[in-house]
>>> print(open('final-v2.cif').read())   # mmCIF, C-alpha atoms and all ligand atoms
data_coords
#
loop_
_atom_site.label_atom_id
_atom_site.label_comp_id
_atom_site.auth_asym_id
_atom_site.auth_seq_id
_atom_site.Cartn_x
_atom_site.Cartn_y
_atom_site.Cartn_z
CA MET A 1 19.27 41.80 -2.33
CA GLY A 2 21.50 40.18 -4.97
CA SER A 3 23.77 38.57 -2.37
CA THR A 4 20.71 37.34 -0.37
CA TRP A 5 19.45 35.51 -3.46
CA LYS A 6 22.89 34.06 -4.08
CA LEU A 7 23.02 32.79 -0.49
CA LEU A 8 19.52 31.33 -0.80
CA ASN A 9 20.45 29.59 -4.05
CA VAL A 10 23.61 28.14 -2.55
CA GLY A 11 21.65 27.00 0.53
CA ALA A 12 18.97 25.34 -1.62
CA PHE A 13 21.63 23.67 -3.76
CA ILE A 14 23.42 22.29 -0.67
CA ALA A 15 20.10 21.07 0.83
CA LEU A 16 19.14 19.32 -2.43
CA GLY A 17 22.58 17.75 -2.72
CA GLY A 18 22.34 16.53 0.89
CA HIS A 19 18.88 15.08 0.31
CA LEU A 20 19.92 13.23 -2.86
CA GLY A 21 23.08 12.03 -1.12
CA SER A 22 21.08 10.64 1.80
CA LEU A 23 18.78 8.79 -0.64
CA ALA A 24 21.83 7.26 -2.30
CA VAL A 25 23.00 6.02 1.12
CA THR A 26 19.61 4.58 2.17
CA SER A 27 18.98 2.91 -1.19
CA ILE A 28 22.40 1.25 -1.07
CA SER A 29 21.86 0.14 2.54
CA SER A 30 18.49 -1.40 1.60
CA GLY A 31 20.26 -3.44 -1.08
CA HIS A 32 18.28 -1.73 -3.85
CA PRO A 33 20.31 1.13 -5.38
CA ASP A 34 18.26 0.71 -8.58
CA SER A 35 15.25 2.10 -6.65
CA LEU A 36 16.80 5.53 -7.34
CA THR A 37 15.92 5.14 -11.02
CA CYS A 38 12.16 4.88 -10.34
CA TYR A 39 10.69 8.22 -11.28
CA GLU A 40 7.23 7.30 -9.97
CA CYS A 41 5.44 7.52 -13.31
CA ARG A 42 2.98 4.93 -11.87
CA ALA A 43 2.69 3.04 -15.17
CA CYS A 44 2.94 -0.08 -12.97
CA ALA A 45 -0.25 0.81 -11.10
CA SER A 46 -2.75 0.43 -13.94
CA PRO A 47 -2.21 -3.30 -14.67
CA CYS A 48 -2.34 -4.26 -10.97
CA PRO A 49 -5.49 -6.32 -10.42
CA TRP A 50 -5.48 -5.35 -6.71
CA LYS A 51 -5.31 -1.58 -7.23
CA LEU A 52 -1.91 -1.31 -5.55
CA ASP A 53 0.57 1.42 -6.37
CA PRO A 54 3.72 -0.74 -6.74
CA SER A 55 5.96 2.34 -6.89
CA GLY A 56 5.28 2.52 -3.13
CA TYR A 57 7.50 -0.56 -2.68
CA LEU A 58 10.31 1.11 -4.60
CA VAL A 59 10.05 4.35 -2.65
CA ALA A 60 10.11 2.36 0.62
CA ALA A 61 13.27 0.58 -0.58
CA ARG A 62 14.81 3.92 -1.61
CA VAL A 63 14.44 5.28 1.92
CA ASN A 64 15.12 1.82 3.45
CA ASN A 65 11.89 1.99 5.42
CA PRO A 66 9.45 -0.95 5.10
CA ASP A 67 7.03 0.97 7.37
CA ARG A 68 6.51 3.60 4.69
CA ARG A 69 2.86 3.76 3.66
CA MET A 70 1.60 3.16 0.14
CA LEU A 71 -1.73 2.98 -1.66
CA ALA A 72 -2.94 -0.62 -1.58
CA GLN A 73 -6.63 -0.87 -2.35
CA TYR A 74 -7.28 -4.57 -1.85
CA ASN A 75 -10.94 -5.52 -2.19
CA ILE A 76 -11.32 -7.65 0.93
CA ALA A 77 -14.11 -10.03 -0.16
CA ARG A 78 -12.39 -10.75 -3.48
CA TYR A 79 -8.98 -11.19 -1.83
CA ASN A 80 -10.31 -13.62 0.75
CA ARG A 81 -12.16 -15.59 -1.92
CA LEU A 82 -9.07 -15.95 -4.10
CA VAL A 83 -6.24 -16.03 -1.55
CA GLY A 84 -7.55 -16.03 2.04
CA THR A 85 -9.47 -19.31 1.68
CA ARG A 86 -6.35 -21.08 0.35
CA GLU A 87 -3.91 -19.44 2.79
CA PRO A 88 -5.67 -18.87 6.13
CA ASP A 89 -2.79 -16.87 7.63
CA ARG A 90 -3.36 -14.34 4.84
CA GLU A 91 -7.09 -14.09 5.38
CA MET A 92 -8.02 -10.41 5.85
CA THR A 93 -10.21 -9.83 8.90
CA LEU A 94 -10.66 -6.59 10.77
CA ASP A 95 -9.07 -7.95 13.95
CA LYS A 96 -6.04 -9.44 12.21
CA LEU A 97 -5.44 -6.23 10.23
CA LEU A 98 -5.94 -4.09 13.32
CA GLU A 99 -3.36 -6.15 15.18
CA ARG A 100 -0.92 -5.66 12.30
CA ASP A 101 -1.21 -1.87 12.18
CA PRO A 102 -3.82 0.29 13.98
CA TYR A 103 -2.88 3.19 11.68
CA MET A 104 -3.78 1.31 8.50
CA LYS A 105 -6.43 3.12 6.42
CA VAL A 106 -9.48 1.15 5.30
CA ILE A 107 -12.88 1.74 3.69
CA ILE A 108 -16.14 0.62 5.23
CA GLY A 109 -19.60 0.69 3.67
CA VAL A 110 -23.28 0.36 4.45
CA VAL A 111 -24.55 -2.64 2.50
CA LEU A 112 -27.65 -1.78 0.48
CA GLU A 113 -28.09 -5.09 -1.35
CA ARG A 114 -26.72 -8.64 -1.29
CA ASP A 115 -27.02 -11.51 -3.74
CA PRO A 116 -29.46 -13.86 -1.90
CA ALA A 117 -27.74 -16.96 -3.35
CA THR A 118 -24.13 -16.10 -2.44
CA ASN A 119 -24.57 -13.37 0.19
CA GLU A 120 -22.09 -11.26 -1.79
CA ILE A 121 -22.49 -7.49 -1.71
CA THR A 122 -24.06 -6.15 -4.91
CA LYS A 123 -24.71 -2.57 -3.80
CA VAL A 124 -22.87 -0.66 -1.11
CA GLU A 125 -22.54 2.93 0.03
CA LYS A 126 -18.86 3.37 0.83
CA LYS A 127 -17.52 5.90 3.34
CA ASP A 128 -14.30 7.89 3.02
CA PRO A 129 -11.08 6.04 4.02
CA MET A 130 -10.45 6.04 7.77
CA ARG A 131 -8.03 4.54 10.30
CA ILE A 132 -8.88 0.93 11.05
CA GLU A 133 -9.35 1.67 14.80
CA GLN A 134 -11.94 4.29 13.89
CA ALA A 135 -13.51 1.94 11.31
CA LYS A 136 -14.06 -0.69 13.99
CA GLU A 137 -15.93 1.82 16.19
CA GLU A 138 -17.92 3.10 13.21
CA LEU A 139 -18.96 -0.44 12.23
CA GLU A 140 -20.09 -1.20 15.78
CA LYS A 141 -22.14 2.02 15.76
CA LEU A 142 -23.77 1.25 12.38
CA ARG A 143 -24.58 -2.32 13.43
CA ALA A 144 -26.06 -1.08 16.70
CA GLU A 145 -28.35 1.08 14.56
CA GLY A 146 -29.48 -2.14 12.82
CA LYS A 147 -27.57 -1.47 9.59
CA ASP A 148 -25.72 -4.10 7.56
CA ALA A 149 -22.18 -2.71 7.40
CA GLU A 150 -18.79 -4.16 6.46
CA MET A 151 -15.17 -3.30 5.88
CA THR A 152 -14.97 -3.50 2.09
CA ASP A 153 -11.46 -2.40 1.05
CA ILE A 154 -8.02 -1.53 2.31
CA TYR A 155 -6.95 1.97 1.29
CA GLU A 156 -3.39 2.46 2.53
CA MET A 157 -0.89 0.08 4.15
CA ARG A 158 2.74 -0.05 5.19
CA ALA A 159 4.90 -1.46 2.37
CA LYS A 160 5.78 -4.52 4.49
CA ASP A 161 2.08 -5.30 5.13
CA SER A 162 1.11 -4.90 1.49
CA ALA A 163 4.01 -7.17 0.53
CA PHE A 164 2.79 -9.82 2.99
CA TYR A 165 -0.56 -9.96 1.19
CA ASP A 166 0.75 -9.33 -2.34
CA PRO A 167 -0.03 -12.31 -4.61
CA LEU A 168 3.05 -11.51 -6.77
CA CYS A 169 1.34 -11.88 -10.13
CA ALA A 170 4.11 -9.72 -11.73
CA ARG A 171 1.81 -7.78 -14.07
CA CYS A 172 3.31 -4.50 -12.82
CA GLU A 173 6.81 -5.51 -13.89
CA ALA A 174 5.97 -5.74 -17.60
CA ALA A 175 4.53 -2.21 -17.50
CA CYS A 176 7.65 -0.48 -16.11
CA PRO A 177 9.13 1.81 -18.83
CA VAL A 178 12.63 1.58 -17.32
CA ALA A 179 12.42 -2.23 -16.86
CA LEU A 180 12.77 -2.20 -13.08
CA PRO A 181 12.37 -5.66 -11.50
CA VAL A 182 9.41 -4.58 -9.35
CA THR A 183 8.71 -8.05 -7.91
CA LYS A 184 12.31 -8.28 -6.62
CA PHE A 185 11.52 -5.33 -4.30
CA ILE A 186 8.28 -6.98 -3.16
CA ARG A 187 9.88 -10.39 -2.57
CA ASP A 188 12.67 -8.89 -0.48
CA VAL A 189 10.33 -7.24 2.04
CA LYS A 190 7.79 -10.09 1.84
CA ALA A 191 10.39 -12.55 3.12
CA ASP A 192 11.19 -10.95 6.50
CA GLU A 193 9.46 -7.55 6.56
CA LYS A 194 12.70 -5.67 5.99
CA TYR A 195 15.09 -4.90 3.15
CA ARG A 196 18.26 -6.97 2.89
S1 LIG B 201 2.94 -8.28 -8.39
FE1 LIG B 201 0.78 -8.19 -9.15
S2 LIG B 201 -0.41 -7.84 -7.28
FE2 LIG B 201 1.72 -7.30 -6.78
S3 LIG B 201 1.94 -5.09 -7.19
FE3 LIG B 201 2.55 -6.16 -9.07
S4 LIG B 201 0.68 -6.25 -10.33
FE4 LIG B 201 0.03 -5.80 -8.21
#
>>> encode(input="final-v2.cif", output="structure tokens")
Amino acid sequence: MGSTWKLLNVGAFIALGGHLGSLAVTSISSGHPDSLTCYECRACASPCPWKLDPSGYLVAARVNNPDRRMLAQYNIARYNRLVGTREPDREMTLDKLLERDPYMKVIIGVVLERDPATNEITKVEKKDPMRIEQAKEELEKLRAEGKDAEMTDIYEMRAKDSAFYDPLCARCEAACPVALPVTKFIRDVKADEKYR
């Protein structure tokens, strides 16, 4: 029994060492070895006005994988009002987002009330997050039933997609307790959808 435990401990130690070693290699190859120092405390998430989890960018850099998914809860109407109208290629529409990534997770809702002057949603019953392909079908079904329904928020995106839409306000950076340059990670993948 004693020698079995010893073997298990040695095996676990070797596996952990291998895992940490592989992260060191991928973070260096992404050009962001400092991503290893992010301990995912998520202090950067609370000041983000778009409800993103910026540590997702750092984790994606650590594993050198811009396709890694992260929480990115953009409110679509607000985003389009502030960014999409100024930069049409960044306008968020269901078809454009679907083309980008059919596995993206989004939130749709049945609209219960709109402001008659602006047509903005004032009361909505949101559904649980779902894949955007499924959301499209669900919206068609709700509309066929005569309901007013819309995609209201993004829920989860690939790091490279979130970076494409990220307005780079830099509020997250000031909140990082280990002073990581969070926007440097975002800018890198925003430029060409890959690290380095
Ligand atoms: S730069 Fe601004 S929008 Fe982008 S993750 Fe940081 S706080 Fe959020």
>>> atom_distance(input="final-v2.cif", atom1="CA of Cys169 in chain A", atom2="atom FE4 of ligand LIG 201 (chain B)")
6.5 Å
>>> residues_near_ligand(input="final-v2.cif", ligand="ligand LIG 201 (chain B)", cutoff="10 Å", atoms="only C-alpha atoms and all ligand atoms", output="PyMOL selection string")
chain A and resi 44-57+72+74+162-163+165-175+182-187
>>> atom_distance(input="final-v2.cif", atom1="CA of Met157 in chain A", atom2="CA of Ser35 in chain A")
19.5 Å
>>> atom_distance(input="final-v2.cif", atom1="CA of Leu36 in chain A", atom2="CA of Ala24 in chain A")
7.3 Å
>>> closest_residue(input="final-v2.cif", among="A:Lys105, A:Arg143, A:Arg114, A:Arg196", to="Pro129 in chain A", atoms="only C-alpha atoms")
A:Lys105
>>> closest_residue(input="final-v2.cif", among="A:Ser30, A:Pro181, A:Arg90, A:Arg42", to="Asn65 in chain A", atoms="all atoms listed in the file")
A:Ser30
>>> closest_residue(input="final-v2.cif", among="A:Glu137, A:Met104, A:Leu98, A:Ser27", to="Leu71 in chain A", atoms="only C-alpha atoms")
A:Met104
>>> closest_residue(input="final-v2.cif", among="A:Lys127, A:Arg100, A:Arg62, A:Lys6", to="Asp161 in chain A", atoms="only C-alpha atoms")
A:Arg100
>>> closest_residue(input="final-v2.cif", among="A:Val63, A:Ala117, A:Leu8, A:Ala43", to="Gly21 in chain A", atoms="only C-alpha atoms")
A:Val63
>>> closest_residue(input="final-v2.cif", among="A:Glu99, A:Glu125, A:Glu120, A:Glu193", to="Ala77 in chain A", atoms="all atoms listed in the file")
A:Glu120
>>> axis_aligned_box(input="final-v2.cif", around="range 86-103 of chain A", padding_each_side="3 Å", output="AutoDock Vina command-line options")
--center_x -5.8 --center_y -8.9 --center_z 7.8 --size_x 15.7 --size_y 30.3 --size_z 20.8
>>> residues_around(input="final-v2.cif", residues="Ala149 in chain A", least_positions_apart="5", cutoff="10 Å", atoms="all atoms listed in the file", output="list of chain:residue names")
A:Ile108, A:Gly109, A:Val110, A:Val111, A:Leu112, A:Val124, A:Glu125, A:Lys126, A:Glu138, A:Leu139, A:Glu140, A:Lys141, A:Leu142, A:Arg143
